[in-house]
file target_33.cif (mmCIF, C-alpha atoms and all ligand atoms)
data_data
loop_
_atom_site.group_PDB
_atom_site.id
_atom_site.type_symbol
_atom_site.label_atom_id
_atom_site.label_comp_id
_atom_site.auth_asym_id
_atom_site.auth_seq_id
_atom_site.Cartn_x
_atom_site.Cartn_y
_atom_site.Cartn_z
ATOM 1 C CA MET N 266 5.953 8.710 0.446
ATOM 2 C CA GLN N 267 9.505 9.969 0.911
ATOM 3 C CA ASN N 268 11.523 9.458 -2.238
ATOM 4 C CA SER N 269 14.291 8.002 -0.026
ATOM 5 C CA THR N 270 12.051 5.079 1.020
ATOM 6 C CA THR N 271 13.597 1.919 -0.400
ATOM 7 C CA ILE N 272 11.111 -0.598 -1.763
ATOM 8 C CA GLY N 273 12.187 -4.164 -2.516
ATOM 9 C CA PHE N 274 10.141 -6.673 -4.474
ATOM 10 C CA ILE N 275 10.673 -10.387 -3.928
ATOM 11 C CA GLY N 276 9.421 -11.887 -7.178
ATOM 12 C CA ALA N 277 9.855 -9.870 -10.366
ATOM 13 C CA GLY N 278 6.920 -11.348 -12.333
ATOM 14 C CA ASN N 279 3.673 -9.812 -13.605
ATOM 15 C CA MET N 280 2.477 -8.081 -10.443
ATOM 16 C CA ALA N 281 5.900 -6.711 -9.541
ATOM 17 C CA TYR N 282 6.155 -5.390 -13.095
ATOM 18 C CA ALA N 283 2.759 -3.668 -12.788
ATOM 19 C CA LEU N 284 3.645 -2.106 -9.441
ATOM 20 C CA VAL N 285 7.112 -0.954 -10.497
ATOM 21 C CA SER N 286 5.612 0.594 -13.670
ATOM 22 C CA GLY N 287 2.930 2.321 -11.572
ATOM 23 C CA LEU N 288 5.481 3.686 -9.088
ATOM 24 C CA VAL N 289 7.749 4.946 -11.873
ATOM 25 C CA ASN N 290 4.795 6.561 -13.676
ATOM 26 C CA SER N 291 3.840 8.328 -10.463
ATOM 27 C CA GLY N 292 7.351 9.794 -10.150
ATOM 28 C CA PHE N 293 9.060 7.391 -7.740
ATOM 29 C CA SER N 294 12.789 7.064 -8.421
ATOM 30 C CA THR N 295 14.024 3.644 -9.614
ATOM 31 C CA LYS N 296 17.177 4.283 -7.545
ATOM 32 C CA ASN N 297 15.075 3.283 -4.538
ATOM 33 C CA ILE N 298 13.407 0.217 -6.055
ATOM 34 C CA LYS N 299 15.074 -3.197 -5.881
ATOM 35 C CA LEU N 300 13.991 -6.556 -7.275
ATOM 36 C CA SER N 301 14.939 -10.113 -6.458
ATOM 37 C CA ASP N 302 13.929 -13.286 -8.248
ATOM 38 C CA THR N 303 15.258 -16.773 -8.935
ATOM 39 C CA ASP N 304 14.976 -16.144 -12.698
ATOM 40 C CA GLU N 305 18.144 -14.325 -13.790
ATOM 41 C CA ALA N 306 16.939 -13.757 -17.364
ATOM 42 C CA LEU N 307 13.804 -12.022 -16.042
ATOM 43 C CA LEU N 308 15.886 -9.898 -13.655
ATOM 44 C CA SER N 309 18.114 -8.838 -16.499
ATOM 45 C CA LEU N 310 15.064 -7.760 -18.554
ATOM 46 C CA ARG N 311 13.728 -5.715 -15.627
ATOM 47 C CA ALA N 312 17.142 -4.159 -14.928
ATOM 48 C CA ASP N 313 17.452 -3.115 -18.588
ATOM 49 C CA GLU N 314 13.957 -1.644 -18.737
ATOM 50 C CA PHE N 315 13.959 0.264 -15.448
ATOM 51 C CA ASN N 316 17.657 0.703 -14.630
ATOM 52 C CA LEU N 317 17.249 -0.623 -11.095
ATOM 53 C CA GLU N 318 19.253 -2.889 -8.806
ATOM 54 C CA VAL N 319 18.464 -6.605 -8.925
ATOM 55 C CA PHE N 320 19.356 -9.562 -6.709
ATOM 56 C CA THR N 321 19.222 -13.336 -6.882
ATOM 57 C CA ASP N 322 19.588 -13.465 -3.100
ATOM 58 C CA ASN N 323 16.385 -12.373 -1.310
ATOM 59 C CA THR N 324 18.232 -11.860 1.984
ATOM 60 C CA LYS N 325 20.568 -9.232 0.496
ATOM 61 C CA LEU N 326 17.612 -7.295 -0.894
ATOM 62 C CA ALA N 327 15.679 -7.546 2.389
ATOM 63 C CA ALA N 328 18.525 -6.152 4.472
ATOM 64 C CA GLN N 329 18.543 -2.942 2.381
ATOM 65 C CA CYS N 330 14.812 -2.156 2.178
ATOM 66 C CA ASP N 331 12.292 -0.163 4.243
ATOM 67 C CA VAL N 332 9.443 -1.979 2.505
ATOM 68 C CA ILE N 333 9.526 -5.584 1.274
ATOM 69 C CA ILE N 334 6.779 -6.653 -1.108
ATOM 70 C CA PHE N 335 6.118 -10.359 -1.507
ATOM 71 C CA ALA N 336 5.126 -10.727 -5.169
ATOM 72 C CA ILE N 337 5.670 -14.482 -5.319
ATOM 73 C CA LYS N 338 3.299 -17.424 -5.555
ATOM 74 C CA PRO N 339 1.632 -18.363 -2.259
ATOM 75 C CA GLN N 340 3.220 -21.825 -2.286
ATOM 76 C CA VAL N 341 6.789 -20.462 -1.995
ATOM 77 C CA LEU N 342 6.032 -17.826 0.639
ATOM 78 C CA SER N 343 6.826 -19.919 3.724
ATOM 79 C CA VAL N 344 10.269 -20.880 2.434
ATOM 80 C CA VAL N 345 11.086 -17.283 1.450
ATOM 81 C CA CYS N 346 9.920 -15.888 4.820
ATOM 82 C CA LYS N 347 11.975 -18.394 6.780
ATOM 83 C CA GLU N 348 15.129 -17.526 4.830
ATOM 84 C CA LEU N 349 14.513 -13.843 5.687
ATOM 85 C CA GLN N 350 14.162 -14.361 9.454
ATOM 86 C CA GLU N 351 17.689 -13.189 10.263
ATOM 87 C CA HIS N 352 17.506 -10.248 7.829
ATOM 88 C CA VAL N 353 14.445 -8.294 8.988
ATOM 89 C CA SER N 354 15.583 -7.099 12.413
ATOM 90 C CA HIS N 355 15.332 -3.490 11.094
ATOM 91 C CA ASN N 356 11.519 -4.079 11.063
ATOM 92 C CA PRO N 357 10.714 -3.260 7.439
ATOM 93 C CA LEU N 358 7.086 -2.955 6.387
ATOM 94 C CA ILE N 359 6.098 -6.271 4.811
ATOM 95 C CA ILE N 360 3.434 -6.132 2.102
ATOM 96 C CA SER N 361 2.200 -9.492 0.861
ATOM 97 C CA ILE N 362 0.091 -9.670 -2.282
ATOM 98 C CA ALA N 363 0.206 -13.493 -2.272
ATOM 99 C CA ALA N 364 -3.369 -14.734 -2.440
ATOM 100 C CA GLY N 365 -4.742 -16.543 0.589
ATOM 101 C CA VAL N 366 -1.725 -16.637 2.938
ATOM 102 C CA ARG N 367 -2.715 -15.202 6.337
ATOM 103 C CA ALA N 368 -0.752 -12.494 8.155
ATOM 104 C CA VAL N 369 -0.482 -14.653 11.266
ATOM 105 C CA ASP N 370 1.336 -17.350 9.259
ATOM 106 C CA ILE N 371 3.638 -14.847 7.517
ATOM 107 C CA ASN N 372 4.458 -13.346 10.917
ATOM 108 C CA ARG N 373 5.283 -16.747 12.394
ATOM 109 C CA TRP N 374 7.511 -17.679 9.438
ATOM 110 C CA LEU N 375 9.346 -14.340 9.738
ATOM 111 C CA GLY N 376 10.074 -14.930 13.405
ATOM 112 C CA GLY N 377 7.334 -12.737 14.960
ATOM 113 C CA ASN N 378 6.554 -9.066 15.587
ATOM 114 C CA ALA N 379 6.617 -8.158 11.873
ATOM 115 C CA SER N 380 4.648 -5.194 10.475
ATOM 116 C CA ILE N 381 2.489 -6.892 7.856
ATOM 117 C CA VAL N 382 0.005 -5.515 5.356
ATOM 118 C CA ARG N 383 -1.856 -8.059 3.254
ATOM 119 C CA ALA N 384 -3.148 -6.714 -0.036
ATOM 120 C CA MET N 385 -5.452 -8.443 -2.498
ATOM 121 C CA PRO N 386 -5.194 -6.696 -5.877
ATOM 122 C CA ASN N 387 -6.842 -8.000 -9.047
ATOM 123 C CA THR N 388 -5.641 -8.492 -12.611
ATOM 124 C CA PRO N 389 -6.707 -5.062 -13.987
ATOM 125 C CA ALA N 390 -3.859 -3.754 -11.793
ATOM 126 C CA LEU N 391 -1.688 -4.851 -14.723
ATOM 127 C CA LEU N 392 -3.290 -1.916 -16.629
ATOM 128 C CA GLY N 393 -3.276 0.442 -13.643
ATOM 129 C CA GLN N 394 -7.028 -0.177 -13.174
ATOM 130 C CA GLY N 395 -7.037 -2.601 -10.270
ATOM 131 C CA ALA N 396 -9.158 -2.792 -7.140
ATOM 132 C CA THR N 397 -7.296 -3.770 -3.960
ATOM 133 C CA GLY N 398 -8.564 -4.805 -0.547
ATOM 134 C CA MET N 399 -6.011 -4.363 2.251
ATOM 135 C CA MET N 400 -5.603 -5.190 5.941
ATOM 136 C CA ALA N 401 -2.859 -4.385 8.434
ATOM 137 C CA ASN N 402 -1.819 -6.369 11.511
ATOM 138 C CA ASP N 403 -1.565 -4.704 14.930
ATOM 139 C CA VAL N 404 2.145 -3.896 14.582
ATOM 140 C CA VAL N 405 1.677 -1.680 11.492
ATOM 141 C CA SER N 406 1.874 2.069 12.278
ATOM 142 C CA GLY N 407 -0.330 4.771 10.736
ATOM 143 C CA ASP N 408 2.611 5.957 8.608
ATOM 144 C CA GLN N 409 3.241 2.424 7.373
ATOM 145 C CA LYS N 410 -0.438 2.064 6.438
ATOM 146 C CA ALA N 411 -0.264 5.299 4.469
ATOM 147 C CA LEU N 412 2.894 4.057 2.737
ATOM 148 C CA ALA N 413 1.302 0.723 1.787
ATOM 149 C CA GLU N 414 -1.725 2.544 0.399
ATOM 150 C CA GLN N 415 0.462 4.877 -1.659
ATOM 151 C CA ILE N 416 2.304 1.922 -3.212
ATOM 152 C CA LEU N 417 -0.821 -0.044 -4.136
ATOM 153 C CA SER N 418 -2.577 3.148 -5.290
ATOM 154 C CA ALA N 419 -0.041 3.331 -8.112
ATOM 155 C CA VAL N 420 -2.023 0.554 -9.849
ATOM 156 C CA SER N 421 -5.398 0.375 -8.152
ATOM 157 C CA THR N 422 -8.149 1.828 -6.014
ATOM 158 C CA CYS N 423 -7.416 0.770 -2.424
ATOM 159 C CA LEU N 424 -9.909 -0.030 0.330
ATOM 160 C CA TRP N 425 -9.060 -1.191 3.863
ATOM 161 C CA VAL N 426 -10.809 -3.931 5.798
ATOM 162 C CA GLU N 427 -10.346 -4.295 9.578
ATOM 163 C CA ASP N 428 -10.817 -8.021 9.886
ATOM 164 C CA GLU N 429 -8.485 -10.286 7.891
ATOM 165 C CA LYS N 430 -11.395 -12.681 7.282
ATOM 166 C CA MET N 431 -12.922 -9.946 5.112
ATOM 167 C CA LEU N 432 -10.054 -10.443 2.642
ATOM 168 C CA ASP N 433 -11.840 -13.679 1.697
ATOM 169 C CA ALA N 434 -14.890 -11.546 0.821
ATOM 170 C CA VAL N 435 -12.628 -9.157 -1.137
ATOM 171 C CA THR N 436 -11.217 -12.181 -2.978
ATOM 172 C CA ALA N 437 -14.750 -13.374 -3.802
ATOM 173 C CA LEU N 438 -15.764 -9.926 -5.053
ATOM 174 C CA SER N 439 -12.908 -8.028 -6.707
ATOM 175 C CA GLY N 440 -10.141 -10.670 -6.654
ATOM 176 C CA SER N 441 -12.063 -13.195 -8.734
ATOM 177 C CA GLY N 442 -14.491 -10.557 -10.053
ATOM 178 C CA PRO N 443 -12.771 -9.752 -13.353
ATOM 179 C CA ALA N 444 -13.479 -13.337 -14.448
ATOM 180 C CA TYR N 445 -17.213 -12.881 -13.700
ATOM 181 C CA PHE N 446 -17.288 -9.898 -16.059
ATOM 182 C CA PHE N 447 -15.313 -11.853 -18.684
ATOM 183 C CA LEU N 448 -17.955 -14.588 -18.386
ATOM 184 C CA LEU N 449 -20.763 -12.073 -18.933
ATOM 185 C CA ILE N 450 -18.931 -10.531 -21.893
ATOM 186 C CA GLU N 451 -18.462 -14.019 -23.349
ATOM 187 C CA SER N 452 -22.114 -15.030 -22.786
ATOM 188 C CA MET N 453 -23.470 -11.795 -24.278
ATOM 189 C CA ALA N 454 -21.208 -12.134 -27.324
ATOM 190 C CA LYS N 455 -22.350 -15.759 -27.827
ATOM 191 C CA ALA N 456 -26.012 -14.749 -27.437
ATOM 192 C CA GLY N 457 -25.537 -11.877 -29.914
ATOM 193 C CA ALA N 458 -24.025 -14.297 -32.436
ATOM 194 C CA ALA N 459 -26.943 -16.678 -31.846
ATOM 195 C CA LEU N 460 -29.269 -13.794 -32.760
ATOM 196 C CA GLY N 461 -27.479 -13.459 -36.125
ATOM 197 C CA LEU N 462 -24.589 -11.000 -35.592
ATOM 198 C CA ASP N 463 -21.197 -12.063 -36.899
ATOM 199 C CA GLU N 464 -18.915 -13.198 -34.043
ATOM 200 C CA SER N 465 -16.474 -10.312 -34.249
ATOM 201 C CA THR N 466 -19.221 -7.680 -34.232
ATOM 202 C CA ALA N 467 -20.939 -9.392 -31.305
ATOM 203 C CA GLN N 468 -17.685 -9.540 -29.361
ATOM 204 C CA GLN N 469 -16.776 -5.896 -29.949
ATOM 205 C CA LEU N 470 -20.262 -4.718 -28.998
ATOM 206 C CA SER N 471 -20.151 -6.831 -25.844
ATOM 207 C CA ILE N 472 -16.725 -5.561 -24.713
ATOM 208 C CA GLN N 473 -17.489 -1.906 -25.428
ATOM 209 C CA THR N 474 -20.837 -2.182 -23.637
ATOM 210 C CA ALA N 475 -19.091 -3.544 -20.512
ATOM 211 C CA LEU N 476 -16.511 -0.757 -20.672
ATOM 212 C CA GLY N 477 -19.078 2.003 -21.242
ATOM 213 C CA ALA N 478 -21.415 0.726 -18.521
ATOM 214 C CA SER N 479 -18.512 0.503 -15.986
ATOM 215 C CA MET N 480 -17.435 4.027 -16.849
ATOM 216 C CA MET N 481 -21.015 5.298 -16.383
ATOM 217 C CA ALA N 482 -21.332 3.481 -13.048
ATOM 218 C CA ASP N 483 -18.026 5.046 -11.966
ATOM 219 C CA SER N 484 -18.585 8.625 -13.134
ATOM 220 C CA SER N 485 -22.326 9.114 -12.613
ATOM 221 C CA GLY N 486 -23.567 10.224 -9.202
ATOM 222 C CA ASP N 487 -26.347 7.612 -9.543
ATOM 223 C CA SER N 488 -26.153 4.126 -8.057
ATOM 224 C CA ALA N 489 -26.057 1.098 -10.375
ATOM 225 C CA HIS N 490 -29.693 0.468 -9.386
ATOM 226 C CA GLU N 491 -30.716 4.014 -10.389
ATOM 227 C CA LEU N 492 -28.789 3.814 -13.656
ATOM 228 C CA ARG N 493 -30.548 0.561 -14.479
ATOM 229 C CA ALA N 494 -33.958 2.047 -13.672
ATOM 230 C CA LYS N 495 -33.198 5.021 -15.947
ATOM 231 C CA VAL N 496 -32.461 2.821 -18.977
ATOM 232 C CA THR N 497 -35.403 0.478 -18.352
ATOM 233 C CA SER N 498 -38.464 1.938 -20.122
ATOM 234 C CA PRO N 499 -41.788 0.384 -19.140
ATOM 235 C CA ASN N 500 -42.658 -2.438 -21.489
ATOM 236 C CA GLY N 501 -39.436 -1.918 -23.459
ATOM 237 C CA THR N 502 -36.638 -4.258 -24.552
ATOM 238 C CA THR N 503 -34.457 -3.792 -21.448
ATOM 239 C CA GLN N 504 -37.390 -4.543 -19.159
ATOM 240 C CA ALA N 505 -38.051 -7.759 -21.094
ATOM 241 C CA ALA N 506 -34.424 -8.850 -20.605
ATOM 242 C CA ILE N 507 -34.205 -7.839 -16.919
ATOM 243 C CA GLU N 508 -37.440 -9.677 -16.113
ATOM 244 C CA SER N 509 -36.024 -12.765 -17.795
ATOM 245 C CA PHE N 510 -32.824 -12.484 -15.663
ATOM 246 C CA GLN N 511 -34.924 -12.081 -12.505
ATOM 247 C CA GLU N 512 -37.125 -15.082 -13.333
ATOM 248 C CA GLN N 513 -33.885 -17.106 -13.285
ATOM 249 C CA ASN N 514 -33.023 -15.516 -9.899
ATOM 250 C CA PHE N 515 -29.949 -13.626 -11.092
ATOM 251 C CA ASP N 516 -29.141 -12.203 -7.600
ATOM 252 C CA MET N 517 -29.133 -15.693 -6.132
ATOM 253 C CA ILE N 518 -26.896 -17.067 -8.908
ATOM 254 C CA VAL N 519 -24.318 -14.321 -8.185
ATOM 255 C CA ALA N 520 -24.619 -14.766 -4.404
ATOM 256 C CA HIS N 521 -24.043 -18.547 -4.662
ATOM 257 C CA ALA N 522 -21.035 -18.084 -6.941
ATOM 258 C CA MET N 523 -19.438 -15.561 -4.596
ATOM 259 C CA ARG N 524 -20.115 -17.740 -1.553
ATOM 260 C CA ALA N 525 -18.286 -20.594 -3.342
ATOM 261 C CA ALA N 526 -15.276 -18.296 -3.982
ATOM 262 C CA PHE N 527 -15.368 -17.061 -0.348
ATOM 263 C CA ASP N 528 -15.407 -20.617 1.057
ATOM 264 C CA ARG N 529 -12.582 -21.707 -1.261
ATOM 265 C CA SER N 530 -10.482 -18.679 -0.264
ATOM 266 C CA ARG N 531 -10.868 -19.591 3.441
ATOM 267 C CA GLU N 532 -9.949 -23.213 2.752
ATOM 268 C CA MET N 533 -6.864 -22.164 0.790
ATOM 269 C CA GLY N 534 -5.724 -19.876 3.637
ATOM 270 C CA ILE N 535 -5.875 -22.853 6.032
ATOM 271 C CA GLU N 536 -4.089 -25.178 3.579
ATOM 272 C CA LEU N 537 -1.324 -22.652 2.823
ATOM 273 C CA GLY N 538 -0.833 -21.888 6.536
ATOM 274 C CA ASP N 539 -0.009 -25.544 7.114
ATOM 275 C CA TYR N 540 3.215 -25.239 5.101
ATOM 276 C CA ASP N 541 5.559 -25.487 8.052
HETATM 277 N N1 LIG N 601 -1.489 -11.573 -11.361
HETATM 278 C C1 LIG N 601 -2.479 -10.995 -10.675
HETATM 279 O O1 LIG N 601 -3.337 -10.293 -11.197
HETATM 280 C C2 LIG N 601 -2.584 -11.151 -9.186
HETATM 281 C C3 LIG N 601 -3.683 -10.593 -8.522
HETATM 282 C C4 LIG N 601 -3.732 -10.697 -7.139
HETATM 283 C C5 LIG N 601 -2.725 -11.331 -6.437
HETATM 284 N N2 LIG N 601 -1.692 -11.875 -7.136
HETATM 285 C C6 LIG N 601 -0.644 -12.554 -6.368
HETATM 286 O O2 LIG N 601 0.587 -11.942 -6.674
HETATM 287 C C7 LIG N 601 1.619 -12.905 -6.550
HETATM 288 C C8 LIG N 601 2.520 -12.795 -7.758
HETATM 289 O O3 LIG N 601 1.743 -13.057 -8.935
HETATM 290 P P1 LIG N 601 2.388 -12.875 -10.374
HETATM 291 O O4 LIG N 601 1.269 -13.027 -11.329
HETATM 292 O O5 LIG N 601 3.226 -11.657 -10.399
HETATM 293 O O6 LIG N 601 3.345 -14.186 -10.405
HETATM 294 P P2 LIG N 601 4.576 -14.466 -11.396
HETATM 295 O O7 LIG N 601 4.457 -13.669 -12.642
HETATM 296 O O8 LIG N 601 4.684 -15.965 -11.477
HETATM 297 O O9 LIG N 601 5.847 -13.901 -10.587
HETATM 298 C C9 LIG N 601 6.403 -14.528 -9.479
HETATM 299 C C10 LIG N 601 7.926 -14.528 -9.680
HETATM 300 O O10 LIG N 601 8.530 -15.011 -8.464
HETATM 301 C C11 LIG N 601 9.617 -15.859 -8.839
HETATM 302 N N3 LIG N 601 10.039 -16.710 -7.732
HETATM 303 C C12 LIG N 601 9.716 -18.025 -7.488
HETATM 304 N N4 LIG N 601 10.339 -18.444 -6.363
HETATM 305 C C13 LIG N 601 11.059 -17.393 -5.891
HETATM 306 C C14 LIG N 601 11.904 -17.217 -4.760
HETATM 307 N N5 LIG N 601 12.130 -18.211 -3.886
HETATM 308 N N6 LIG N 601 12.489 -16.023 -4.581
HETATM 309 C C15 LIG N 601 12.284 -14.993 -5.451
HETATM 310 N N7 LIG N 601 11.477 -15.106 -6.535
HETATM 311 C C16 LIG N 601 10.879 -16.299 -6.746
HETATM 312 C C17 LIG N 601 9.052 -16.602 -10.015
HETATM 313 O O11 LIG N 601 10.068 -17.261 -10.742
HETATM 314 P P3 LIG N 601 9.652 -18.653 -11.505
HETATM 315 O O12 LIG N 601 8.622 -18.276 -12.510
HETATM 316 O O13 LIG N 601 10.955 -19.086 -12.086
HETATM 317 O O14 LIG N 601 9.118 -19.547 -10.435
HETATM 318 C C18 LIG N 601 8.404 -15.467 -10.795
HETATM 319 O O15 LIG N 601 9.333 -14.801 -11.622
HETATM 320 C C19 LIG N 601 0.955 -14.270 -6.391
HETATM 321 O O16 LIG N 601 1.046 -14.673 -5.046
HETATM 322 C C20 LIG N 601 -0.491 -14.023 -6.734
HETATM 323 O O17 LIG N 601 -1.339 -14.803 -5.915
HETATM 324 C C21 LIG N 601 -1.596 -11.792 -8.476
#
call {"tool": "encode", "arguments": {"input": "target_33.cif", "output": "structure tokens", "more": "lines below"}}
Ligand SMILES: NC(=O)c1ccc[n+]([C@@H]2O[C@H](COP(=O)([O-])OP(=O)(O)OC[C@H]3O[C@@H](n4cnc5c(N)ncnc54)[C@H](OP(=O)(O)O)[C@@H]3O)[C@@H](O)[C@H]2O)c1
result
Amino acid sequence: MQNSTTIGFIGAGNMAYALVSGLVNSGFSTKNIKLSDTDEALLSLRADEFNLEVFTDNTKLAAQCDVIIFAIKPQVLSVVCKELQEHVSHNPLIISIAAGVRAVDINRWLGGNASIVRAMPNTPALLGQGATGMMANDVVSGDQKALAEQILSAVSTCLWVEDEKMLDAVTALSGSGPAYFFLLIESMAKAGAALGLDESTAQQLSIQTALGASMMADSSGDSAHELRAKVTSPNGTTQAAIESFQEQNFDMIVAHAMRAAFDRSREMGIELGDYD
């Protein structure tokens, strides 16, 4: 990314904070980052921390930026896009991280022919450890795709999908996924306490086990399946537990849960697109 590329965030909340921090940590100059928000106190905090230019008028920010990132709640996106219509004739790259809202709707609200990348990050992005699924509409150039990937890479691992519908699958997997792991951590801690451990010990063991297992899955050349096979001795304790999970049809439980998230994501996209 050229250090002269100007990036503007509309919405200066949690995700904008994570992305600005990631960009600054990767060497991007705050001279070329701008923020707008309706919350003046929040803007003032951000301006003090990062020494960057802030706006309460989204249109003024938009007119000055090569990239505009929508880091606002999905419900306010249509109103914000419509107010920008007259201020995006320079064809900035639009990156929307708002969950659920489809590129076709964003394009219509912006007046048409906009270069739009939709990105679905997840909450670990707040720690620079996110996973992001991304898609680009037909107007986005190769250079703009590379730029979008560089920005989101500051806080996450980025993977592209061709078909926008696959962002609903991304939402079901990595978007909502952190909560599935929190649920497992919680259940294992509760089960450990039920076996006699004190609650704090059970919780710490559960969290560290999740962290260690994720790091092994990430760094080892083996698949998760192979790693599991390696730690499952015949007739041992792990085998007893895994067989119990499988008797309860663990794969099917996960598949049903993710299908429910996928269906809800599609429904929400349709509902949010009706905001006209
Ligand atoms: N947090 C995550 O991990 C995560 C993950 C994936 C996707 N996302 C998506 O990222 C987006 C932002 O999430 P977030 O957690 O950063 O939200 P957030 O902390 O609530 O930040 C959004 C900010 O936008 C401001 N805002 C509201 N209306 C505005 C307007 N018309 N113009 C400019 N700013 C306006 C809000 O002000 P007020 O508070 O005063 O309304 C708030 O400061 C959401 O669409 C969410 O779906 C978040």
call {"tool": "residues_around", "arguments": {"input": "target_33.cif", "residues": "Asn356 of chain N", "least_positions_apart": "5", "cutoff": "8 Å", "atoms": "all atoms listed in the file", "output": "CSV table (one decimal) with C-alpha atoms, in the frame of the given file"}}
result
chain,number,residue,atom,x,y,z
N,331,ASP,CA,12.3,-0.2,4.2
N,379,ALA,CA,6.6,-8.2,11.9
N,380,SER,CA,4.6,-5.2,10.5
call {"tool": "axis_aligned_box", "arguments": {"input": "target_33.cif", "around": "ligand LIG 601 (chain N)", "padding_each_side": "4 Å", "output": "JSON"}}
result
{"center_x": 4.4, "center_y": -14.9, "center_z": -8.3, "size_x": 24.2, "size_y": 17.3, "size_z": 16.8}
call {"tool": "resolve_selection", "arguments": {"input": "target_33.cif", "expression": "the PyMOL selection byres (((chain N and resi 296-307) around 8) and not hetatm)", "output": "short mmCIF file (atom, residue, chain, number, x, y, z; two decimals) with C-alpha atoms, in the coordinates of the input"}}
result
data_model
loop_
_atom_site.label_atom_id
_atom_site.label_comp_id
_atom_site.auth_asym_id
_atom_site.auth_seq_id
_atom_site.Cartn_x
_atom_site.Cartn_y
_atom_site.Cartn_z
CA ASN N 268 11.52 9.46 -2.24
CA SER N 269 14.29 8.00 -0.03
CA THR N 270 12.05 5.08 1.02
CA THR N 271 13.60 1.92 -0.40
CA ILE N 272 11.11 -0.60 -1.76
CA GLY N 273 12.19 -4.16 -2.52
CA PHE N 274 10.14 -6.67 -4.47
CA ILE N 275 10.67 -10.39 -3.93
CA GLY N 276 9.42 -11.89 -7.18
CA ALA N 277 9.86 -9.87 -10.37
CA GLY N 278 6.92 -11.35 -12.33
CA VAL N 285 7.11 -0.95 -10.50
CA PHE N 293 9.06 7.39 -7.74
CA SER N 294 12.79 7.06 -8.42
CA THR N 295 14.02 3.64 -9.61
CA LEU N 308 15.89 -9.90 -13.66
CA SER N 309 18.11 -8.84 -16.50
CA LEU N 310 15.06 -7.76 -18.55
CA ARG N 311 13.73 -5.72 -15.63
CA ASN N 316 17.66 0.70 -14.63
CA LEU N 317 17.25 -0.62 -11.10
CA GLU N 318 19.25 -2.89 -8.81
CA VAL N 319 18.46 -6.60 -8.93
CA PHE N 320 19.36 -9.56 -6.71
CA THR N 321 19.22 -13.34 -6.88
CA ASP N 322 19.59 -13.46 -3.10
CA ASN N 323 16.39 -12.37 -1.31
CA LEU N 326 17.61 -7.30 -0.89
#
call {"tool": "closest_residue", "arguments": {"input": "target_33.cif", "among": "N:Ala419, N:Pro357, N:Val426, N:Ala458", "to": "Val404 of chain N", "atoms": "only C-alpha atoms"}}
result
N:Pro357
call {"tool": "residues_near_ligand", "arguments": {"input": "target_33.cif", "ligand": "ligand LIG 601 (chain N)", "cutoff": "8 Å", "atoms": "all atoms listed in the file", "output": "ChimeraX atom specification"}}
result
/N:275-282,301-304,307,321-323,335-342,344-345,361-365,384-391,440
call {"tool": "residues_around", "arguments": {"input": "target_33.cif", "residues": "Val420 of chain N", "least_positions_apart": "2", "cutoff": "7 Å", "atoms": "all atoms listed in the file", "output": "ChimeraX atom specification"}}
result
/N:284,287,390,393-395,417-418
call {"tool": "resolve_selection", "arguments": {"input": "target_33.cif", "expression": "the PyMOL selection byres (((chain N and resi 347) around 10) and not hetatm)", "output": "ChimeraX atom specification"}}
result
/N:342-346,348-352,371-376,541
call {"tool": "residues_around", "arguments": {"input": "target_33.cif", "residues": "segment 511-521 of chain N", "least_positions_apart": "6", "cutoff": "12 Å", "atoms": "only C-alpha atoms", "output": "mmCIF file with C-alpha atoms, in the frame of the given file"}}
result
data_model
loop_
_atom_site.group_PDB
_atom_site.id
_atom_site.type_symbol
_atom_site.label_atom_id
_atom_site.label_comp_id
_atom_site.auth_asym_id
_atom_site.auth_seq_id
_atom_site.Cartn_x
_atom_site.Cartn_y
_atom_site.Cartn_z
ATOM 1 C CA ALA N 434 -14.890 -11.546 0.821
ATOM 2 C CA ALA N 437 -14.750 -13.374 -3.802
ATOM 3 C CA LEU N 438 -15.764 -9.926 -5.053
ATOM 4 C CA GLY N 442 -14.491 -10.557 -10.053
ATOM 5 C CA TYR N 445 -17.213 -12.881 -13.700
ATOM 6 C CA PHE N 446 -17.288 -9.898 -16.059
ATOM 7 C CA LEU N 449 -20.763 -12.073 -18.933
ATOM 8 C CA GLN N 504 -37.390 -4.543 -19.159
ATOM 9 C CA ALA N 505 -38.051 -7.759 -21.094
ATOM 10 C CA PHE N 527 -15.368 -17.061 -0.348
ATOM 11 C CA ASP N 528 -15.407 -20.617 1.057
#
call {"tool": "atom_distance", "arguments": {"input": "target_33.cif", "atom1": "atom CA of Ser291 of chain N", "atom2": "atom CA of Arg383 of chain N"}}
result
22.1 Å
call {"tool": "atom_distance", "arguments": {"input": "target_33.cif", "atom1": "atom CA of Ile334 of chain N", "atom2": "atom CA of Leu358 of chain N"}}
result
8.4 Å
